[in-house]
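To be precise, the following lines are run-v3.txt, and they hold compact mmCIF, C-alpha atoms and all ligand atoms.
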```
# COMPACT_ATOMS: atom_id res chain seq x y z
CA MET S 28 0.00 0.00 0.00
CA ASP S 29 1.28 3.44 -0.89
CA LYS S 30 0.32 6.55 0.97
CA SER S 31 1.20 10.02 -0.22
CA PHE S 32 1.53 13.01 1.96
CA LYS S 33 2.45 16.62 1.40
CA SER S 34 5.42 17.48 3.51
CA ALA S 35 8.10 20.08 3.81
CA THR S 36 11.67 19.23 4.50
CA ALA S 37 13.68 21.19 6.99
CA PRO S 38 17.43 21.05 7.34
CA GLN S 39 18.59 20.17 10.83
CA GLU S 40 21.44 21.03 13.11
CA ILE S 41 23.44 17.90 13.71
CA THR S 42 23.76 17.06 17.38
CA ALA S 43 25.99 14.48 19.04
CA GLU S 44 22.92 12.33 19.56
CA ASP S 45 22.12 12.53 15.84
CA LEU S 46 25.64 11.45 14.95
CA GLU S 47 25.46 8.53 17.33
CA LEU S 48 22.17 7.36 15.81
CA ILE S 49 23.42 7.85 12.24
CA ASN S 50 26.63 5.95 12.87
CA ARG S 51 24.62 2.85 13.80
CA PHE S 52 23.88 2.56 10.07
CA THR S 53 27.28 3.42 8.61
CA ARG S 54 30.32 1.27 8.01
CA LYS S 55 32.78 4.04 8.65
CA GLU S 56 32.15 6.60 11.34
CA LEU S 57 30.84 9.85 9.94
CA LYS S 58 31.51 13.29 11.33
CA ALA S 59 29.02 16.15 11.41
CA GLU S 60 30.56 17.75 8.30
CA ASP S 61 30.17 14.50 6.34
CA VAL S 62 26.41 14.31 6.62
CA PHE S 63 23.36 16.33 5.73
CA THR S 64 20.21 15.76 7.77
CA PHE S 65 16.64 16.90 7.34
CA SER S 66 13.24 16.20 8.80
CA VAL S 67 10.19 15.07 6.93
CA ILE S 68 6.59 14.16 7.81
CA LEU S 69 5.80 10.63 6.67
CA CYS S 70 2.10 10.26 7.47
CA ASP S 71 -0.61 11.37 9.91
CA ASN S 72 -3.97 10.40 11.39
CA GLU S 73 -6.11 12.58 9.10
CA ILE S 74 -8.42 10.93 6.55
CA ASP S 75 -6.64 11.08 3.20
CA ARG S 76 -7.97 11.41 -0.34
CA ASP S 77 -8.42 7.63 -0.50
CA GLY S 78 -10.83 7.85 2.45
CA GLU S 79 -8.33 6.10 4.71
CA ARG S 80 -6.43 6.99 7.85
CA PHE S 81 -3.98 5.39 10.21
CA ASP S 82 -5.11 4.94 13.80
CA ASN S 83 -2.89 6.17 16.63
CA LEU S 84 -1.50 2.73 17.44
CA ALA S 85 -0.58 2.24 13.80
CA LEU S 86 1.39 5.51 13.84
CA GLU S 87 3.25 4.28 16.95
CA LYS S 88 4.09 0.98 15.24
CA LEU S 89 5.18 2.71 12.04
CA LYS S 90 7.39 4.95 14.12
CA ASP S 91 9.53 1.94 15.06
CA MET S 92 9.27 0.30 11.65
CA PHE S 93 10.55 3.24 9.62
CA VAL S 94 13.83 3.62 11.52
CA GLY S 95 16.62 2.50 9.18
CA ILE S 96 14.37 2.51 6.09
CA THR S 97 15.79 4.06 2.94
CA GLY S 98 13.98 6.73 1.01
CA ILE S 99 14.37 7.51 -2.65
CA PHE S 100 14.15 10.85 -4.42
CA ASP S 101 11.89 10.14 -7.27
CA HIS S 102 11.31 12.17 -10.42
CA SER S 103 13.81 14.82 -9.46
CA HIS S 104 16.71 15.40 -11.85
CA SER S 105 19.07 16.34 -9.11
CA GLY S 106 17.85 13.51 -6.90
CA LYS S 107 17.98 10.63 -9.34
CA ASN S 108 19.41 7.52 -7.72
CA GLN S 109 20.01 9.36 -4.47
CA THR S 110 18.90 7.89 -1.21
CA ALA S 111 18.50 9.03 2.36
CA ARG S 112 18.03 6.93 5.44
CA ILE S 113 15.74 7.55 8.38
CA TYR S 114 17.61 7.44 11.68
CA LYS S 115 15.06 8.83 14.09
CA THR S 116 11.27 9.00 14.25
CA GLU S 117 8.68 10.42 16.60
CA VAL S 118 4.90 10.73 16.74
CA VAL S 119 4.03 14.37 17.32
CA THR S 120 0.65 15.48 18.68
CA ASP S 121 -0.56 18.90 17.64
CA THR S 122 -2.98 19.74 20.45
CA GLY S 123 -4.11 22.91 18.71
CA LYS S 124 -5.33 21.07 15.64
CA LYS S 125 -8.18 18.58 15.32
CA THR S 126 -8.71 15.95 12.63
CA SER S 127 -11.93 16.00 10.59
CA TYR S 128 -13.35 13.31 12.91
CA GLY S 129 -12.48 15.26 16.07
CA ASP S 130 -9.31 13.58 17.37
CA SER S 131 -6.10 15.49 18.16
CA TYR S 132 -3.97 15.77 15.04
CA ARG S 133 -0.95 13.45 15.12
CA PHE S 134 1.79 12.90 12.60
CA LEU S 135 4.83 10.72 12.18
CA LYS S 136 7.92 12.84 11.84
CA ALA S 137 11.21 11.38 10.68
CA LYS S 138 14.76 12.58 10.58
CA ALA S 139 16.84 11.38 7.67
CA TYR S 140 20.46 11.71 6.67
CA MET S 141 22.48 11.48 3.51
CA PRO S 142 26.20 11.71 3.01
CA ARG S 143 27.48 15.04 1.70
CA THR S 144 28.98 14.23 -1.67
CA GLU S 145 29.54 16.18 -4.84
CA SER S 146 26.85 14.23 -6.67
CA ASN S 147 24.10 15.12 -4.25
CA GLN S 148 25.03 18.74 -3.69
CA ASN S 149 22.15 19.96 -5.88
CA LEU S 150 19.70 17.87 -3.98
CA ILE S 151 20.98 19.24 -0.68
CA THR S 152 20.54 22.75 -2.01
CA GLU S 153 16.97 21.88 -2.99
CA ILE S 154 16.18 20.54 0.46
CA ASP S 155 17.92 23.50 2.09
CA ALA S 156 15.58 25.76 0.15
CA GLY S 157 12.66 24.03 1.84
CA ILE S 158 10.99 23.01 -1.38
CA LYS S 159 7.69 21.29 -0.73
CA LYS S 160 7.68 17.58 -1.20
CA GLU S 161 5.13 14.89 -1.76
CA VAL S 162 6.14 12.07 0.51
CA SER S 163 5.00 8.59 -0.28
CA VAL S 164 5.26 5.79 2.24
CA CYS S 165 4.95 2.18 1.25
CA CYS S 166 3.85 -0.21 3.97
CA SER S 167 1.45 -3.06 4.58
CA VAL S 168 -1.31 -3.17 7.18
CA LYS S 169 -3.28 -6.14 8.43
CA SER S 170 -6.65 -4.51 9.14
CA TYR S 171 -8.82 -2.21 7.06
CA ILE S 172 -11.53 -1.34 9.56
CA CYS S 173 -14.82 0.31 8.57
CA SER S 174 -15.50 3.46 10.59
CA VAL S 175 -19.25 2.73 10.49
CA CYS S 176 -19.60 -0.95 11.48
CA GLY S 177 -16.15 -1.83 12.82
CA ASN S 178 -15.73 -4.83 10.52
CA ASP S 179 -12.91 -5.34 8.05
CA MET S 180 -13.94 -3.55 4.85
CA ARG S 181 -12.66 -6.44 2.75
CA SER S 182 -15.02 -8.92 4.47
CA GLU S 183 -18.61 -9.82 3.58
CA LYS S 184 -19.73 -8.39 6.92
CA CYS S 185 -19.17 -4.80 5.79
CA SER S 186 -21.28 -3.30 3.03
CA HIS S 187 -20.34 0.36 3.57
CA ILE S 188 -18.65 2.54 1.00
CA LYS S 189 -15.87 4.99 1.72
CA GLY S 190 -16.89 8.61 1.22
CA ILE S 191 -20.62 7.94 1.72
CA GLU S 192 -22.38 9.42 4.75
CA TYR S 193 -24.19 7.09 7.14
CA SER S 194 -26.27 8.77 9.87
CA GLY S 195 -24.41 12.01 9.23
CA LYS S 196 -20.96 10.45 9.50
CA MET S 197 -18.66 9.97 6.53
CA CYS S 198 -17.55 6.35 6.14
CA HIS S 199 -13.79 5.91 6.01
CA CYS S 200 -11.30 3.12 6.40
CA ILE S 201 -9.12 2.90 9.51
CA LEU S 202 -5.74 1.34 8.77
CA LYS S 203 -4.65 -0.69 11.77
CA ASP S 204 -1.86 -3.01 12.71
CA PRO S 205 0.92 -2.29 10.21
CA ALA S 206 2.86 -5.42 9.30
CA ASP S 207 5.83 -3.96 7.46
CA ALA S 208 7.37 -0.73 6.24
CA TYR S 209 9.08 -1.09 2.85
CA GLU S 210 10.28 2.29 1.69
CA TRP S 211 9.48 5.94 1.42
CA SER S 212 10.11 8.32 -1.38
CA PHE S 213 9.63 11.90 -2.18
CA VAL S 214 9.12 14.09 -5.10
CA ALA S 215 10.22 17.68 -5.22
CA VAL S 216 7.27 19.85 -6.13
CA PRO S 217 8.21 22.86 -8.22
CA ALA S 218 7.14 26.23 -6.88
CA GLN S 219 4.42 26.61 -9.55
CA VAL S 220 1.13 25.45 -8.14
CA GLY S 221 0.02 22.08 -9.41
CA ALA S 222 3.02 21.52 -11.65
CA GLY S 223 4.74 18.19 -11.54
CA VAL S 224 2.86 16.82 -8.58
CA VAL S 225 2.98 13.08 -8.62
CA LYS S 226 0.48 11.33 -6.43
CA SER S 227 0.03 7.65 -5.96
CA TYR S 228 -3.39 6.10 -5.76
CA PRO S 229 -4.12 2.51 -4.92
CA LYS S 230 -5.39 0.93 -8.12
CA ALA S 231 -9.05 -0.05 -7.94
CA LYS S 232 -10.07 -3.35 -9.49
CA VAL S 233 -11.87 -2.67 -12.75
CA THR S 234 -14.98 -4.73 -13.47
CA LYS S 235 -15.24 -5.72 -17.13
CA THR S 236 -18.16 -8.14 -17.42
CA PHE S 237 -21.85 -8.17 -16.54
CA SER S 238 -21.56 -11.27 -14.38
CA GLU S 239 -18.71 -9.74 -12.37
CA LEU S 240 -20.70 -6.52 -12.02
CA GLU S 241 -23.79 -8.39 -10.85
CA ALA S 242 -21.83 -10.29 -8.21
CA THR S 243 -20.23 -7.09 -6.87
CA ILE S 244 -23.52 -5.18 -6.81
CA LYS S 245 -25.23 -8.02 -4.93
CA LYS S 246 -22.61 -7.64 -2.22
CA GLY S 247 -23.33 -3.91 -2.10
CA LYS S 248 -19.67 -3.14 -2.73
CA GLU S 249 -18.10 -0.16 -4.41
CA VAL S 250 -17.48 -0.82 -8.09
CA VAL S 251 -15.33 0.63 -10.88
CA ILE S 252 -16.30 -0.46 -14.38
CA SER S 253 -14.38 -0.41 -17.64
CA PRO S 254 -15.33 2.15 -20.35
CA GLN S 255 -16.49 -0.71 -22.59
CA LEU S 256 -18.75 -2.14 -19.89
CA SER S 257 -20.04 1.37 -19.17
CA LYS S 258 -21.03 1.71 -22.86
CA GLU S 259 -22.67 -1.73 -22.89
CA LEU S 260 -24.48 -0.86 -19.67
CA GLY S 261 -25.82 2.35 -21.24
CA GLU S 262 -27.14 0.41 -24.26
CA LYS S 263 -28.69 -2.21 -22.01
CA LEU S 264 -30.35 0.52 -19.96
CA SER S 265 -31.94 2.06 -23.10
CA GLU S 266 -33.24 -1.37 -24.14
CA LEU S 267 -34.68 -1.98 -20.70
CA GLN S 268 -36.32 1.45 -20.59
CA LYS S 269 -37.95 0.79 -23.95
CA ALA S 270 -39.12 -2.66 -22.84
CA ALA S 271 -40.43 -1.20 -19.57
CA ALA S 272 -42.41 1.48 -21.43
CA GLU S 273 -43.94 -1.15 -23.74
CA GLY S 274 -44.73 -3.37 -20.75
CA GLU S 275 -46.40 -0.46 -18.99
CA ALA S 276 -48.58 0.34 -22.01
CA TYR S 277 -49.63 -3.30 -22.33
CA ARG S 278 -50.46 -3.48 -18.65
CA ASN S 279 -52.60 -0.34 -18.85
CA GLU S 280 -54.53 -1.79 -21.76
CA LEU S 281 -55.04 -5.07 -19.92
CA THR S 282 -56.22 -3.26 -16.78
CA LYS S 283 -58.72 -1.23 -18.80
CA GLU S 284 -60.21 -4.38 -20.32
CA THR S 285 -60.33 -6.17 -16.97
CA VAL S 286 -62.09 -3.22 -15.32
CA LYS S 287 -64.66 -3.06 -18.13
CA TYR S 288 -65.47 -6.77 -17.90
CA ALA S 289 -65.51 -6.59 -14.09
CA ALA S 290 -68.07 -3.77 -14.24
CA LEU S 291 -70.29 -5.94 -16.42
CA ALA S 292 -69.74 -9.19 -14.56
CA LEU S 293 -70.04 -7.82 -11.04
CA LYS S 294 -72.96 -5.45 -11.06
CA GLY S 295 -72.50 -2.51 -8.73
CA ILE S 296 -68.69 -2.69 -8.49
CA ASP S 297 -67.18 0.75 -8.79
CA ILE S 298 -64.34 1.47 -11.20
CA GLU S 299 -61.84 2.33 -8.47
CA THR S 300 -62.34 -0.96 -6.62
CA ALA S 301 -61.89 -2.83 -9.88
CA GLN S 302 -58.71 -0.87 -10.63
CA ASP S 303 -57.34 -1.57 -7.13
CA MET S 304 -57.98 -5.25 -7.68
CA CYS S 305 -55.70 -5.21 -10.73
CA LYS S 306 -52.87 -3.26 -9.13
CA GLY S 307 -50.90 -5.92 -7.27
CA LEU S 308 -51.22 -8.58 -9.97
CA ASP S 309 -48.53 -9.65 -12.38
CA ILE S 310 -49.33 -9.79 -16.10
CA GLU S 311 -50.19 -13.52 -16.15
CA ARG S 312 -52.65 -13.22 -13.26
CA LEU S 313 -54.14 -10.09 -14.75
CA LYS S 314 -54.75 -11.93 -18.03
CA LYS S 315 -56.48 -14.78 -16.17
CA LEU S 316 -58.65 -12.28 -14.28
CA ARG S 317 -59.60 -10.49 -17.50
CA ASP S 318 -60.51 -13.80 -19.16
CA SER S 319 -62.63 -14.95 -16.26
CA PHE S 320 -64.48 -11.62 -16.03
CA SER S 321 -64.89 -11.61 -19.77
CA GLU S 322 -66.46 -15.07 -19.65
CA ARG S 323 -68.70 -14.10 -16.74
CA ALA S 324 -69.70 -10.84 -18.44
CA GLY S 325 -70.69 -12.88 -21.51
CA ARG S 326 -72.90 -15.13 -19.35
CA VAL S 327 -74.59 -12.26 -17.51
CA ILE S 328 -75.34 -10.24 -20.63
CA PRO S 329 -75.17 -12.03 -23.95
CA LEU S 330 -73.45 -9.19 -25.61
CA SER S 331 -72.09 -10.45 -28.83
CA PRO S 332 -75.29 -10.68 -30.92
CA GLN S 333 -76.27 -7.19 -29.90
CA LEU S 334 -72.93 -5.51 -30.21
CA LYS S 335 -71.43 -7.32 -33.10
CA PRO S 336 -74.16 -8.95 -35.07
CA ALA S 337 -72.01 -9.24 -38.16
CA SER S 338 -69.23 -11.15 -36.41
CA LYS S 339 -68.77 -14.71 -37.47
CA ASN S 340 -66.33 -15.37 -34.73
CA HIS S 341 -68.21 -15.17 -31.42
CA THR S 342 -65.31 -16.21 -29.28
CA ASP S 343 -63.20 -13.25 -30.21
CA ASN S 344 -63.80 -11.04 -27.19
CA ASN S 345 -61.28 -8.51 -28.30
CA GLN S 346 -63.65 -7.36 -30.99
CA PHE S 347 -66.21 -6.14 -28.49
CA ILE S 348 -66.87 -2.46 -28.53
CA PHE S 349 -68.03 -0.74 -25.37
ZN ZN S 401 -18.92 -1.23 7.40
```
Now that the file is in, can you turn its structure into C-alpha cells?
Ligand SMILES: [Zn+2]
Amino acid sequence: MDKSFKSATAPQEITAEDLELINRFTRKELKAEDVFTFSVILCDNEIDRDGERFDNLALEKLKDMFVGITGIFDHSHSGKNQTARIYKTEVVTDTGKKTSYGDSYRFLKAKAYMPRTESNQNLITEIDAGIKKEVSVCCSVKSYICSVCGNDMRSEKCSHIKGIEYSGKMCHCILKDPADAYEWSFVAVPAQVGAGVVKSYPKAKVTKTFSELEATIKKGKEVVISPQLSKELGEKLSELQKAAAEGEAYRNELTKETVKYAALALKGIDIETAQDMCKGLDIERLKKLRDSFSERAGRVIPLSPQLKPASKNHTDNNQFIF
C-alpha cells in the first residue's frame, strides 16, 4: 500500500545524539561535516484522499518500523538515484489542531540523513531551500476497519462505502496493525502550483463483465467499471427502458379491459375498486382475471349478438366495442 503526503523538509542542526544514531547505520564513522540531515513528515492520522487513515496505534508501530528505512528521491533530476536513510522518528501530537473526525492531530515525523557528496550537492541545495515535497510511504497493514460498522472492509460483513455518509458520518477506512514498512520516497514539487505533482493512488479493481458486475452489486460493494462495460451498460439501460415502457402500455390496456369486464360481470362494483384489484397482480394473473371476467360478463349479458351482429367469430372477445 502506498500513501502520499504533502510534507516540507527542513534542514537540521546535527547534534551528538544525531551522529550517534546515524553511525549505527554506517560502516565508517561519519563526522558532522560528512552528513546532511533533514526532517520530513511521513504520514498522519487525518483521513486522506483515498478515504483512509492510520489509527494512533498504527502511527506508533510505524514509528519503530521506519527507523533505518531508505527513502528515494523520485522524479527529481538532481535527486535521481540518491537515497537518504531515516535514523530517528517520533509521533508528534498537535494539540491545537483537530482531525476532521475530532481527534487530536498526530503525525509521524522522521529525521533522515544522507552523506554530503559532490553528486548530491544539488539535492541538498533543494532541500535546504525548503521546497515542498510529496512524501510517499509504502507499507502493509493487516486490518482495514470500517468506521461505520467496525468490521474489516474487505469482508462480507461490511457493506459500507468509503466517502458515503451514514447517519451524518462519513464512512472511512481505519488502517490498523501495520505489518511492514518497505520504503518511502519523495518528489520535489516545483514552486508553480500544481506543476509536476505526482500522487500515488491505490489501483481499484476494474470490473469488465456483466456477471462480475452483478456479483459485486449483490454484495453492495463499491465498483469501478471499464469504459467498454459502461457503454454496454448504457445500451442495455436504453433497451430496458424501452421494454419497460412497452410493458407499462400493455399493462394499462389489460387493466382497462379487466375493469370493463368486471363492471359488467359484477354489477354494482365501482371502477376504483376494480382498478385496485388489478394493481398488485402480475401480467399472467391479470390476463387470467380479464378472461374470467370476460367469460362471466358474456354469461350475464349475452353481448355479442347485440354488439357485433355481423361477427362470425363469437369467441373473439377482443372485438367487443363498449
Ligand atoms: Zn462497514
(request) Rank S:Ile96, S:Leu316, S:Cys185, S:Cys165 by their smallest atom-to-atom distance to ligand ZN 401 (chain S), using only C-alpha atoms and all ligand atoms, and report the top residue only. (result)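 Nearest candidate to ligand ZN 401 (chain S) out of S:Ile96, S:Leu316, S:Cys185, S:Cys165: S:Cys185.
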(message) As an exercise, work out the distance from CA of Thr64 (chain S) to CA of Gly123 (chain S) in Å and give it to one decimal place.
(response) 27.6 Å
(request) Can you work out the spacing between CA of Ala276 (chain S) and CA of Ile296 (chain S) in Å, to one decimal? (result) 24.4 Å
(message) As a quick test: using only C-alpha atoms and all ligand atoms, which residues lie no more than 12 Å away from ligand ZN 401 (chain S)? Give them as a PyMOL selection string.
(response) chain S and resi 171-193+197-201+247-249
(request) Excluding Tyr114 (chain S) and any residue of its chain fewer than 4 positions from it, enumerate the residues within 9 Å of it, using only C-alpha atoms, and give them as a list in words. (result) Asp45, Leu48, Ile49, Arg51, Phe52, Phe93, Val94, Gly95, Ile96, Ala137, Lys138, Ala139 and Tyr140 of chain S
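With all atoms listed in the file as the basis for measurement, S:Ser321 is the residue among S:Asn50, S:Ser321, S:Ser257, S:Ser127 that approaches Ala292 (chain S) most closely.
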(message) So the first atom is CA of Lys125 (chain S) and the second is CA of Lys90 (chain S); what is the distance between them in Å, to one decimal place?
(response) 20.7 Å
(message) I want to know what sits within 12 Å of Lys314 (chain S), based on all atoms listed in the file, with residues of the same chain fewer than 3 positions away left out; could you give that as a PyMOL selection string?
(response) chain S and resi 277-286+288+305+308-311+317-321
(request) Give the answer as one residue: which of S:Glu153, S:Glu262, S:Glu79, S:Glu117 has the shortest atom-to-atom distance to Ser170 (chain S), using all atoms listed in the file? (result)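 Residue with the minimum atom-to-atom distance to Ser170 (chain S): S:Glu79.
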(request) Could you check which of S:Lys263, S:Lys58, S:Arg80, S:Arg112 is closest to Phe134 (chain S), using only C-alpha atoms? (result)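 Ranking S:Lys263, S:Lys58, S:Arg80, S:Arg112 by distance to Phe134 (chain S), first place goes to S:Arg80.
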(message) Taking only C-alpha atoms into account, name the residue in S:Met141, S:Val162, S:Ile68, S:Ile244 that is nearest to Val119 (chain S).
(response) S:Ile68
(message) Ranking S:Val67, S:Met92, S:Val251, S:Leu256 by minimum distance to Lys136 (chain S) and counting all atoms listed in the file, which one comes first?
(response)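 Checking each candidate against Lys136 (chain S), we get S:Val67 as the closest.
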